[in-house]
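Text of data-v2.tsv, listed as TSV, C-alpha atoms:
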```tsv
chain	number	residue	atom	x	y	z
A	208	MET	CA	95.48	98.35	136.02
A	209	SER	CA	92.08	97.66	134.52
A	210	PRO	CA	89.12	99.47	136.07
A	211	HIS	CA	86.78	97.48	138.27
A	212	LEU	CA	83.69	96.41	136.38
A	213	PRO	CA	80.48	94.67	137.46
A	214	LEU	CA	80.61	91.32	135.64
A	215	LEU	CA	77.84	89.33	134.01
A	216	LYS	CA	79.12	86.12	135.59
A	217	ASP	CA	78.13	87.55	139.00
A	218	ALA	CA	74.61	88.59	137.94
A	219	ASP	CA	71.37	86.78	138.77
A	220	VAL	CA	69.59	86.81	135.43
A	221	ARG	CA	67.12	83.93	135.85
A	222	GLY	CA	63.72	85.06	134.60
A	223	LYS	CA	64.96	88.65	134.26
A	224	ARG	CA	64.51	90.80	131.19
A	225	VAL	CA	68.01	91.54	129.95
A	226	LEU	CA	68.92	94.32	127.52
A	227	LEU	CA	72.03	93.02	125.77
A	228	ARG	CA	74.01	95.53	123.73
A	229	LEU	CA	75.97	93.62	121.08
A	230	ASN	CA	78.35	94.78	118.39
A	231	LEU	CA	76.30	93.96	115.30
A	232	ASP	CA	78.01	96.33	112.86
A	233	LEU	CA	79.19	93.51	110.64
A	234	PRO	CA	80.09	93.50	106.93
A	235	VAL	CA	77.13	92.32	104.84
A	236	GLU	CA	77.08	91.55	101.11
A	237	ASN	CA	73.91	90.40	99.36
A	238	ASP	CA	72.27	89.88	102.77
A	239	ILE	CA	75.01	87.48	103.85
A	240	LEU	CA	77.50	88.16	106.65
A	241	VAL	CA	81.01	88.38	105.22
A	242	ASP	CA	82.88	88.23	108.54
A	243	THR	CA	81.25	86.83	111.69
A	244	TYR	CA	84.16	87.16	114.13
A	245	ARG	CA	82.63	89.90	116.23
A	246	ILE	CA	79.25	88.18	116.65
A	247	ASP	CA	80.89	84.78	117.19
A	248	SER	CA	83.03	86.25	119.97
A	249	ALA	CA	79.82	87.08	121.87
A	250	GLY	CA	78.80	83.41	121.89
A	251	LYS	CA	79.86	82.89	125.51
A	252	THR	CA	77.63	85.71	126.71
A	253	LEU	CA	74.69	84.54	124.61
A	254	ALA	CA	75.10	80.98	125.90
A	255	PHE	CA	75.30	82.22	129.51
A	256	LEU	CA	72.03	84.14	129.17
A	257	ARG	CA	70.35	81.19	127.47
A	258	ASP	CA	71.57	78.64	130.00
A	259	HIS	CA	70.75	80.86	132.98
A	260	LYS	CA	67.18	81.34	131.76
A	261	ALA	CA	67.27	85.06	131.03
A	262	ARG	CA	64.73	86.68	128.71
A	263	THR	CA	66.98	88.71	126.47
A	264	LEU	CA	66.38	91.61	124.11
A	265	ILE	CA	69.42	92.05	121.85
A	266	ILE	CA	70.07	95.61	120.71
A	267	GLY	CA	72.67	96.97	118.31
A	268	HIS	CA	73.23	98.81	115.06
A	269	VAL	CA	74.60	98.11	111.61
A	270	GLY	CA	76.16	100.55	109.16
A	271	ARG	CA	75.71	104.31	108.94
A	272	ASP	CA	72.42	104.27	107.07
A	273	PRO	CA	69.41	104.10	109.47
A	274	GLN	CA	67.59	102.11	106.79
A	275	GLU	CA	70.05	99.19	106.97
A	276	SER	CA	68.50	96.15	108.58
A	277	LEU	CA	69.71	93.64	111.15
A	278	ARG	CA	67.80	90.82	109.45
A	279	PRO	CA	70.98	89.21	108.04
A	280	ILE	CA	72.34	89.09	111.59
A	281	PHE	CA	69.04	87.60	112.76
A	282	GLU	CA	69.27	84.90	110.09
A	283	TYR	CA	72.75	84.04	111.32
A	284	LEU	CA	71.90	84.09	115.04
A	285	LYS	CA	68.87	81.85	114.72
A	286	LYS	CA	71.09	79.01	113.51
A	287	ASN	CA	72.41	78.62	117.05
A	288	PHE	CA	70.02	80.40	119.41
A	289	PRO	CA	66.24	80.64	119.95
A	290	VAL	CA	65.71	84.18	118.66
A	291	SER	CA	62.86	86.17	117.13
A	292	PHE	CA	62.95	89.51	115.30
A	293	VAL	CA	61.03	92.69	116.12
A	294	SER	CA	61.04	96.00	114.27
A	295	THR	CA	59.59	98.49	116.77
A	296	LEU	CA	59.66	99.22	120.47
A	297	GLU	CA	55.95	98.42	120.64
A	298	GLU	CA	56.55	94.99	119.11
A	299	ALA	CA	59.46	94.46	121.49
A	300	LYS	CA	57.36	95.33	124.54
A	301	GLU	CA	54.60	92.95	123.51
A	302	ALA	CA	57.00	90.11	122.65
A	303	MET	CA	59.05	90.50	125.84
A	304	ALA	CA	55.90	90.00	127.92
A	305	SER	CA	55.56	86.43	126.66
A	306	LEU	CA	59.18	85.58	125.86
A	307	GLN	CA	60.24	82.21	127.19
A	308	GLU	CA	63.15	81.95	129.61
A	309	GLY	CA	66.39	81.25	127.78
A	310	SER	CA	65.11	82.89	124.59
A	311	PHE	CA	66.05	86.03	122.69
A	312	LEU	CA	64.54	88.89	120.72
A	313	LEU	CA	66.54	90.97	118.27
A	314	LEU	CA	65.40	94.57	117.85
A	315	GLU	CA	65.86	96.25	114.47
A	316	ASN	CA	68.81	98.59	113.85
A	317	LEU	CA	69.07	101.08	116.75
A	318	ARG	CA	70.19	103.77	114.30
A	319	SER	CA	66.66	103.69	112.85
A	320	PHE	CA	65.54	105.35	116.10
A	321	SER	CA	66.53	109.02	116.12
A	322	GLY	CA	67.09	109.11	119.87
A	323	GLU	CA	69.91	106.55	119.84
A	324	THR	CA	72.82	108.66	118.63
A	325	LYS	CA	71.52	111.74	120.47
A	326	ASN	CA	71.32	109.89	123.81
A	327	ALA	CA	67.85	111.41	124.08
A	328	PRO	CA	66.29	111.04	127.57
A	329	VAL	CA	62.85	110.04	126.28
A	330	PHE	CA	64.27	107.29	124.06
A	331	THR	CA	66.55	106.16	126.89
A	332	ARG	CA	63.58	105.69	129.22
A	333	GLU	CA	61.57	103.88	126.53
A	334	LEU	CA	64.40	101.46	125.79
A	335	ALA	CA	65.30	100.92	129.44
A	336	SER	CA	61.67	100.11	130.26
A	337	LEU	CA	62.05	96.90	128.22
A	338	GLY	CA	64.62	95.43	130.61
A	339	ASP	CA	65.44	94.72	134.24
A	340	ILE	CA	69.19	94.40	133.65
A	341	TYR	CA	71.60	95.88	131.11
A	342	VAL	CA	74.66	94.07	129.73
A	343	ASN	CA	77.25	95.74	127.52
A	344	GLU	CA	78.97	93.29	125.17
A	345	ALA	CA	79.81	95.93	122.57
A	346	PHE	CA	83.28	97.17	123.46
A	347	ALA	CA	83.91	98.21	119.86
A	348	VAL	CA	81.29	100.98	120.05
A	349	SER	CA	81.75	101.93	123.69
A	350	HIS	CA	83.66	105.07	122.79
A	351	ARG	CA	80.34	106.57	121.62
A	352	GLU	CA	78.04	108.43	124.00
A	353	HIS	CA	74.84	106.90	122.64
A	354	THR	CA	71.70	105.82	124.45
A	355	SER	CA	72.50	102.10	124.28
A	356	ILE	CA	76.01	102.69	125.66
A	357	VAL	CA	75.81	105.43	128.28
A	358	GLY	CA	72.10	106.19	128.71
A	359	ILE	CA	70.59	102.87	129.78
A	360	PRO	CA	73.18	102.18	132.53
A	361	THR	CA	71.91	105.25	134.38
A	362	LEU	CA	68.50	103.58	134.73
A	363	LEU	CA	69.21	99.85	135.10
A	364	PRO	CA	71.61	97.61	137.02
A	365	CYS	CA	74.45	97.03	134.55
A	366	TYR	CA	77.15	94.52	133.83
A	367	ALA	CA	80.04	93.90	131.43
A	368	GLY	CA	79.76	90.90	129.14
A	369	PHE	CA	82.53	88.32	128.95
A	370	VAL	CA	84.22	89.77	125.86
A	371	PHE	CA	83.90	93.34	127.16
A	372	ALA	CA	85.68	92.34	130.38
A	373	ASP	CA	88.36	90.48	128.41
A	374	GLU	CA	88.96	93.55	126.25
A	375	VAL	CA	89.59	95.75	129.27
A	376	GLU	CA	91.79	93.16	130.97
A	377	HIS	CA	93.98	92.33	127.98
A	378	LEU	CA	94.32	95.83	126.55
A	379	SER	CA	95.28	97.12	130.00
A	380	LYS	CA	98.37	94.91	129.84
A	381	ALA	CA	99.80	97.36	127.32
A	382	PHE	CA	100.18	99.95	130.09
A	383	SER	CA	102.79	97.84	131.90
A	384	PRO	CA	104.15	95.46	129.25
A	385	GLU	CA	107.16	93.20	129.13
A	386	HIS	CA	110.05	94.79	127.27
A	387	PRO	CA	111.08	95.28	124.56
A	388	MET	CA	107.63	96.53	123.54
A	389	LEU	CA	106.78	97.26	119.91
A	390	VAL	CA	103.75	99.30	118.80
A	391	VAL	CA	102.77	99.07	115.12
A	392	LEU	CA	100.26	101.65	113.92
A	393	GLY	CA	98.81	101.67	110.42
A	394	GLY	CA	95.78	103.09	108.70
A	395	ALA	CA	95.08	106.79	108.21
A	396	LYS	CA	94.19	110.02	110.06
A	397	PHE	CA	97.33	110.89	112.00
A	398	GLU	CA	95.40	113.31	114.19
A	399	THR	CA	93.35	110.43	115.62
A	400	LYS	CA	96.50	108.41	116.40
A	401	THR	CA	98.51	111.25	117.96
A	402	PRO	CA	97.09	110.76	121.51
A	403	LEU	CA	98.03	107.08	121.35
A	404	ILE	CA	101.55	107.84	120.12
A	405	GLU	CA	101.96	110.42	122.87
A	406	LYS	CA	100.75	107.91	125.47
A	407	PHE	CA	103.11	105.14	124.39
A	408	LEU	CA	106.29	107.07	123.63
A	409	PRO	CA	107.35	106.79	127.31
A	410	ILE	CA	106.15	103.14	127.52
A	411	ALA	CA	107.16	101.45	124.26
A	412	ASP	CA	110.68	100.72	123.07
A	413	ASP	CA	109.76	101.15	119.41
A	414	ILE	CA	106.78	102.66	117.58
A	415	TYR	CA	106.52	101.74	113.90
A	416	VAL	CA	104.21	104.06	111.96
A	417	CYS	CA	103.07	102.77	108.58
A	418	GLY	CA	100.17	102.96	106.15
A	419	ALA	CA	98.89	106.42	105.30
A	420	LEU	CA	100.08	107.59	108.73
A	421	ALA	CA	103.66	107.34	107.49
A	422	ASN	CA	102.81	109.65	104.58
A	423	ASP	CA	102.19	112.45	107.05
A	424	ILE	CA	105.66	111.98	108.50
A	425	TYR	CA	107.23	111.90	105.03
A	426	CYS	CA	105.40	115.11	104.20
A	427	ALA	CA	106.55	116.76	107.45
A	428	ARG	CA	110.13	115.78	106.58
A	429	GLY	CA	109.81	117.47	103.20
A	430	TYR	CA	109.56	114.31	101.09
A	431	GLU	CA	107.48	114.23	97.92
A	432	THR	CA	104.35	112.13	98.56
A	433	GLY	CA	102.79	112.48	95.10
A	434	VAL	CA	99.06	111.73	95.13
A	435	SER	CA	99.24	109.70	98.34
A	436	LEU	CA	96.70	110.14	101.13
A	437	VAL	CA	97.99	112.80	103.53
A	438	SER	CA	96.24	114.32	106.56
A	439	GLU	CA	96.15	118.05	107.17
A	440	CYS	CA	97.81	117.56	110.51
A	441	ALA	CA	100.85	119.33	111.92
A	442	ILE	CA	103.30	116.89	113.50
A	443	SER	CA	105.45	118.24	116.29
A	444	PRO	CA	109.25	118.17	115.85
A	445	ARG	CA	109.41	116.27	119.13
A	446	LEU	CA	107.65	113.33	117.50
A	447	LEU	CA	109.56	113.59	114.24
A	448	GLU	CA	112.92	113.55	115.99
A	449	ASN	CA	112.15	110.86	118.56
A	450	GLN	CA	114.46	107.88	118.10
A	451	LYS	CA	111.69	105.44	119.04
A	452	MET	CA	109.63	106.46	116.00
A	453	HIS	CA	110.13	104.48	112.80
A	454	VAL	CA	108.59	104.70	109.33
A	455	PRO	CA	109.20	102.50	106.27
A	456	SER	CA	112.52	103.30	104.63
A	457	ASP	CA	111.14	102.13	101.32
A	458	VAL	CA	107.61	101.87	99.91
A	459	ILE	CA	105.56	100.42	97.11
A	460	ALA	CA	104.55	103.31	94.85
A	461	ARG	CA	101.89	103.01	92.16
A	462	LYS	CA	101.42	104.94	88.94
A	463	LEU	CA	99.80	104.25	85.58
A	464	SER	CA	102.69	102.10	84.37
A	465	GLY	CA	102.62	99.82	87.43
A	466	SER	CA	103.81	99.49	91.03
A	467	PHE	CA	107.43	99.70	92.09
A	468	ALA	CA	109.51	99.47	95.27
A	469	LYS	CA	111.56	102.59	95.92
A	470	ASN	CA	113.07	104.60	98.74
A	471	ALA	CA	110.55	106.68	100.65
A	472	ASP	CA	112.35	109.89	99.67
A	473	ALA	CA	112.27	109.03	95.94
A	474	VAL	CA	108.50	109.09	95.32
A	475	GLU	CA	107.47	111.13	92.28
A	476	ARG	CA	104.65	113.62	91.86
A	477	ASP	CA	102.42	111.26	89.87
A	478	GLU	CA	102.85	108.32	92.25
A	479	LYS	CA	100.83	107.03	95.18
A	480	ILE	CA	102.31	105.19	98.17
A	481	VAL	CA	100.28	102.00	98.61
A	482	ASP	CA	102.33	99.67	100.84
A	483	ALA	CA	105.55	99.20	102.81
A	484	GLY	CA	108.58	98.16	100.78
A	485	PRO	CA	110.71	95.00	101.16
A	486	ASN	CA	113.46	96.66	103.22
A	487	ALA	CA	110.84	98.11	105.57
A	488	LEU	CA	109.30	94.66	106.04
A	489	ASP	CA	112.74	93.29	106.93
A	490	ASN	CA	113.09	96.05	109.52
A	491	ILE	CA	109.65	95.31	111.01
A	492	ARG	CA	110.42	91.59	111.22
A	493	ALA	CA	113.66	92.38	113.07
A	494	LEU	CA	111.75	94.48	115.60
A	495	VAL	CA	109.13	91.74	116.01
A	496	GLU	CA	111.79	89.08	116.58
A	497	LYS	CA	113.36	90.95	119.50
A	498	ALA	CA	110.06	92.11	121.06
A	499	LYS	CA	108.37	90.49	124.04
A	500	PHE	CA	105.14	92.48	123.68
A	501	VAL	CA	103.62	93.72	120.40
A	502	LEU	CA	100.57	95.93	119.97
A	503	TRP	CA	99.27	96.26	116.39
A	504	ASN	CA	96.40	98.30	114.98
A	505	GLY	CA	95.83	99.12	111.32
A	506	PRO	CA	97.06	97.85	107.90
A	507	LEU	CA	100.44	98.68	106.39
A	508	GLY	CA	99.00	99.63	103.02
A	509	GLU	CA	95.90	99.90	100.85
A	510	TYR	CA	94.94	96.28	101.37
A	511	GLU	CA	91.38	96.93	100.16
A	512	ALA	CA	92.84	97.91	96.77
A	513	GLY	CA	94.88	94.72	96.59
A	514	PHE	CA	98.07	96.03	98.20
A	515	GLU	CA	98.02	93.68	101.17
A	516	GLN	CA	101.48	92.08	101.03
A	517	GLY	CA	102.91	94.22	103.83
A	518	THR	CA	99.96	93.57	106.12
A	519	ILE	CA	100.06	89.84	105.35
A	520	GLU	CA	103.78	89.58	106.07
A	521	LEU	CA	103.40	91.46	109.36
A	522	ALA	CA	100.51	89.21	110.40
A	523	GLN	CA	102.54	86.10	109.60
A	524	ALA	CA	105.58	87.40	111.48
A	525	LEU	CA	103.47	88.14	114.55
A	526	ALA	CA	101.75	84.76	114.35
A	527	GLU	CA	105.14	83.03	114.43
A	528	CYS	CA	106.87	85.13	117.09
A	529	ASP	CA	107.24	84.35	120.81
A	530	ALA	CA	106.02	87.75	122.03
A	531	GLU	CA	102.67	88.48	123.61
A	532	THR	CA	100.67	89.86	120.69
A	533	ILE	CA	97.57	92.04	120.84
A	534	ILE	CA	95.96	93.16	117.61
A	535	GLY	CA	92.87	95.14	116.66
A	536	GLY	CA	91.25	97.30	114.02
A	537	GLY	CA	88.68	96.17	111.49
A	538	ASP	CA	91.05	96.22	108.50
A	539	SER	CA	93.76	94.29	110.34
A	540	LEU	CA	91.24	91.72	111.54
A	541	ALA	CA	89.89	91.22	108.02
A	542	VAL	CA	93.33	90.24	106.74
A	543	VAL	CA	94.17	88.07	109.76
A	544	SER	CA	90.81	86.32	109.57
A	545	LYS	CA	91.26	85.69	105.83
A	546	LEU	CA	94.64	84.09	106.58
A	547	GLY	CA	93.15	81.87	109.29
A	548	LEU	CA	95.55	83.24	111.90
A	549	LEU	CA	93.14	84.58	114.54
A	550	GLU	CA	94.00	81.80	116.99
A	551	ARG	CA	97.72	82.53	116.72
A	552	PHE	CA	97.59	85.83	118.60
A	553	SER	CA	97.53	86.31	122.37
A	554	PHE	CA	94.46	88.54	122.10
A	555	VAL	CA	92.38	89.85	119.22
A	556	SER	CA	90.41	92.98	120.06
A	557	THR	CA	86.98	93.53	118.52
A	558	GLY	CA	87.60	97.26	118.71
A	559	GLY	CA	89.03	99.68	116.19
A	560	GLY	CA	88.46	103.27	117.28
A	561	ALA	CA	87.39	102.07	120.73
A	562	MET	CA	90.64	100.14	121.13
A	563	LEU	CA	92.68	103.21	120.20
A	564	GLU	CA	90.70	105.49	122.52
A	565	PHE	CA	90.96	103.07	125.43
A	566	LEU	CA	94.71	102.71	124.97
A	567	ALA	CA	95.12	106.49	124.77
A	568	ASN	CA	92.88	107.35	127.74
A	569	GLY	CA	92.69	104.23	129.87
A	570	THR	CA	88.90	104.22	129.77
A	571	LEU	CA	85.85	104.78	127.56
A	572	PRO	CA	82.41	106.37	128.05
A	573	GLY	CA	80.90	102.87	128.03
A	574	ILE	CA	83.26	101.72	130.79
A	575	GLU	CA	82.53	104.75	132.94
A	576	ALA	CA	78.79	104.16	132.45
A	577	LEU	CA	79.13	100.64	133.81
A	578	ARG	CA	81.04	101.95	136.81
A	579	SER	CA	78.45	104.65	137.47
A	580	PRO	CA	77.19	104.75	141.08
A	581	SER	CA	73.78	105.93	139.86
A	582	VAL	CA	72.37	102.41	140.03
A	583	ILE	CA	73.09	99.73	142.60
A	584	PRO	CA	73.30	96.38	140.78
A	585	ALA	CA	70.71	93.80	141.75
```
Is it possible to express this structure as structure tokens?
Amino acid sequence: MSPHLPLLKDADVRGKRVLLRLNLDLPVENDILVDTYRIDSAGKTLAFLRDHKARTLIIGHVGRDPQESLRPIFEYLKKNFPVSFVSTLEEAKEAMASLQEGSFLLLENLRSFSGETKNAPVFTRELASLGDIYVNEAFAVSHREHTSIVGIPTLLPCYAGFVFADEVEHLSKAFSPEHPMLVVLGGAKFETKTPLIEKFLPIADDIYVCGALANDIYCARGYETGVSLVSECAISPRLLENQKMHVPSDVIARKLSGSFAKNADAVERDEKIVDAGPNALDNIRALVEKAKFVLWNGPLGEYEAGFEQGTIELAQALAECDAETIIGGGDSLAVVSKLGLLERFSFVSTGGGAMLEFLANGTLPGIEALRSPSVIPA
């Protein structure tokens, strides 16, 4: 069951100053947005605030470098919404005082303010003073205990944006799915996926572990993994021996002379596992065909290095199946978006790490902040 959340659709925002936390951490190349899915998905919330005459200050971050700018996002937003750009809190305060109803301001990268990631009380009060209402439409970063996620809701009436509420509602379906249920986990860092695997072993009918995650299982089974990416993570025998757990039976291995399909237990010391093999893809398709609910997060191989066939074939199989399909993870979304298949899934999560943490724990710091009794919503 999804936790109760105060919803933006129930808020009176007319004439109010709204602090809108968006997920603006988008891929940018040469000052041009490469993938706009996450900002486009917030269009309903932006249109609601515009049409209901709010005066909105958009806040968010981009990248890991505090010097990165949100100006490319501003250039994109202004094509569809009345928005201006401000670089400092002082500029924001001055501009908010005269901002027209139904209009927006975009504040420069929050990571350029040292208090953001520290959830510093002084910065929290300064930022909160710019709004009358707070709206979280940044599910993808709501696993972080930063000022703009957990600090501001302690000082202002707060609401979940439309996408945020959809994320909680749809991802919560995974806790009581139709069966058979298939979970496909790719990517790397087995230690970060272990809580999710533990959570879904009693729920799912099959869990297919692929990508670099599978390398850790091969290693634990005593297979040679060559120069493949492997985590320094001990995997319990209980997981290794569980009949619900599957890994690719064959892989694509790369070395100087080329890339070859081979059994997973036949990898050589100078080889690197870069994708699932053809037999493994047949096995995944068979599991997809019998499933009624599929949850997928993470690529099957090193798609960024050109080894994307496994991920593409999984995406196509899911797009064509009759099951309810929920997918997430930045790398998975990049491939699905490139293929033009986003509309073919039951739900596409904007979250990567946040999706995994929510599925493992049933909540996030950002969700708990919205449910906080510290402030009575207006």
- For atom CA of Gln307 of chain A and atom CA of Val220 of chain A, the interatomic separation in Å (one decimal): 13.3 Å
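When all atoms listed in the file are used to measure the gap to Ile533 of chain A, the shortest distance among A:Val474, A:Leu389, A:Glu509, A:Ile442 belongs to A:Leu389.
Coordinates place atom CA of Gly505 of chain A at a distance of 7.8 Å from atom CA of Gly418 of chain A.
Closest to Val555 of chain A among A:Ser321, A:Thr570, A:Tyr244, A:Gln274 is A:Tyr244, based on all atoms listed in the file.
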- Message: Which residues are near Val225 of chain A? Cut-off 7 Å, only C-alpha atoms, ignore same chain within fewer than 4 positions. Put them as a ChimeraX atom specification.
- Response: /A:261-264,338-341
- Item | Selection: 12 Å around Phe320 of chain A, all atoms listed in the file, excl. self and same-chain fewer than 3 positions, as a PyMOL selection string | chain A and resi 266-268+272-275+294-296+314-317+323-327+329-331+333-334+353-355
- Task: For Arg578 of chain A, list every protein, DNA or RNA residue within 8 Å, evaluated using all atoms listed in the file, and leave out those in the same chain fewer than 6 positions away; present the list as a list in words.
- Result: His211, Leu212 and Pro213 of chain A
- 6 Å contact set for Asp457 of chain A, only C-alpha atoms, chain neighbours under 5 positions out, as a list in words: Lys469, Asn470, Ala471, Gly484 and Ala487 of chain A
- Take atom CA of Glu301 of chain A and atom CA of Val348 of chain A and report the distance between them in Å, one decimal. 28.1 Å
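Using only C-alpha atoms, the protein and nucleic acid residues lying no more than 6 Å from Ala345 of chain A, apart from those fewer than 3 places from it along its own chain, are Arg228, Leu229, Asn230 and Val348 of chain A.
Distances here use all atoms listed in the file; by that measure, the residue among A:Glu405, A:Asp472, A:Asp529, A:Glu352 closest to Arg445 of chain A is A:Glu405.
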- Message: Counting all atoms listed in the file, which residue out of A:Lys499, A:Lys260, A:Arg551, A:Arg476 sits closest to Glu308 of chain A?
- Response: A:Lys260
Written record: segment 379-393 of chain A, N, CA and C atoms, as a PDB file, in the first residue's frame:
```
ATOM      1  N   SER A 379       4.535   0.975  -5.811  1.00  0.00           N
ATOM      2  CA  SER A 379       3.958   0.223  -4.695  1.00  0.00           C
ATOM      3  C   SER A 379       3.239  -1.036  -5.169  1.00  0.00           C
ATOM      4  N   LYS A 380       2.842  -1.067  -6.437  1.00  0.00           N
ATOM      5  CA  LYS A 380       2.182  -2.259  -6.970  1.00  0.00           C
ATOM      6  C   LYS A 380       3.099  -3.475  -6.932  1.00  0.00           C
ATOM      7  N   ALA A 381       4.404  -3.225  -6.935  1.00  0.00           N
ATOM      8  CA  ALA A 381       5.354  -4.336  -6.916  1.00  0.00           C
ATOM      9  C   ALA A 381       5.318  -5.112  -5.605  1.00  0.00           C
ATOM     10  N   PHE A 382       4.750  -4.523  -4.559  1.00  0.00           N
ATOM     11  CA  PHE A 382       4.701  -5.210  -3.265  1.00  0.00           C
ATOM     12  C   PHE A 382       3.590  -6.255  -3.200  1.00  0.00           C
ATOM     13  N   SER A 383       2.609  -6.147  -4.089  1.00  0.00           N
ATOM     14  CA  SER A 383       1.540  -7.149  -4.146  1.00  0.00           C
ATOM     15  C   SER A 383       1.162  -7.368  -5.606  1.00  0.00           C
ATOM     16  N   PRO A 384       2.087  -7.927  -6.387  1.00  0.00           N
ATOM     17  CA  PRO A 384       1.907  -8.024  -7.837  1.00  0.00           C
ATOM     18  C   PRO A 384       1.051  -9.224  -8.250  1.00  0.00           C
ATOM     19  N   GLU A 385       0.627  -9.194  -9.514  1.00  0.00           N
ATOM     20  CA  GLU A 385       0.081 -10.405 -10.113  1.00  0.00           C
ATOM     21  C   GLU A 385       1.237 -11.376 -10.326  1.00  0.00           C
ATOM     22  N   HIS A 386       0.914 -12.646 -10.340  1.00  0.00           N
ATOM     23  CA  HIS A 386       1.948 -13.672 -10.532  1.00  0.00           C
ATOM     24  C   HIS A 386       1.675 -14.452 -11.809  1.00  0.00           C
ATOM     25  N   PRO A 387       2.746 -14.951 -12.436  1.00  0.00           N
ATOM     26  CA  PRO A 387       4.156 -14.904 -12.029  1.00  0.00           C
ATOM     27  C   PRO A 387       4.746 -13.490 -12.126  1.00  0.00           C
ATOM     28  N   MET A 388       5.621 -13.179 -11.173  1.00  0.00           N
ATOM     29  CA  MET A 388       6.335 -11.899 -11.173  1.00  0.00           C
ATOM     30  C   MET A 388       7.809 -12.147 -11.480  1.00  0.00           C
ATOM     31  N   LEU A 389       8.332 -11.341 -12.408  1.00  0.00           N
ATOM     32  CA  LEU A 389       9.746 -11.413 -12.777  1.00  0.00           C
ATOM     33  C   LEU A 389      10.427 -10.102 -12.419  1.00  0.00           C
ATOM     34  N   VAL A 390      11.561 -10.171 -11.728  1.00  0.00           N
ATOM     35  CA  VAL A 390      12.394  -9.011 -11.443  1.00  0.00           C
ATOM     36  C   VAL A 390      13.691  -9.167 -12.218  1.00  0.00           C
ATOM     37  N   VAL A 391      14.038  -8.160 -13.019  1.00  0.00           N
ATOM     38  CA  VAL A 391      15.295  -8.169 -13.777  1.00  0.00           C
ATOM     39  C   VAL A 391      16.162  -7.036 -13.242  1.00  0.00           C
ATOM     40  N   LEU A 392      17.322  -7.386 -12.738  1.00  0.00           N
ATOM     41  CA  LEU A 392      18.246  -6.400 -12.180  1.00  0.00           C
ATOM     42  C   LEU A 392      19.565  -6.430 -12.929  1.00  0.00           C
ATOM     43  N   GLY A 393      19.956  -5.279 -13.459  1.00  0.00           N
ATOM     44  CA  GLY A 393      21.238  -5.157 -14.132  1.00  0.00           C
ATOM     45  C   GLY A 393      22.088  -4.090 -13.481  1.00  0.00           C
TER      46      GLY A 393
END
```
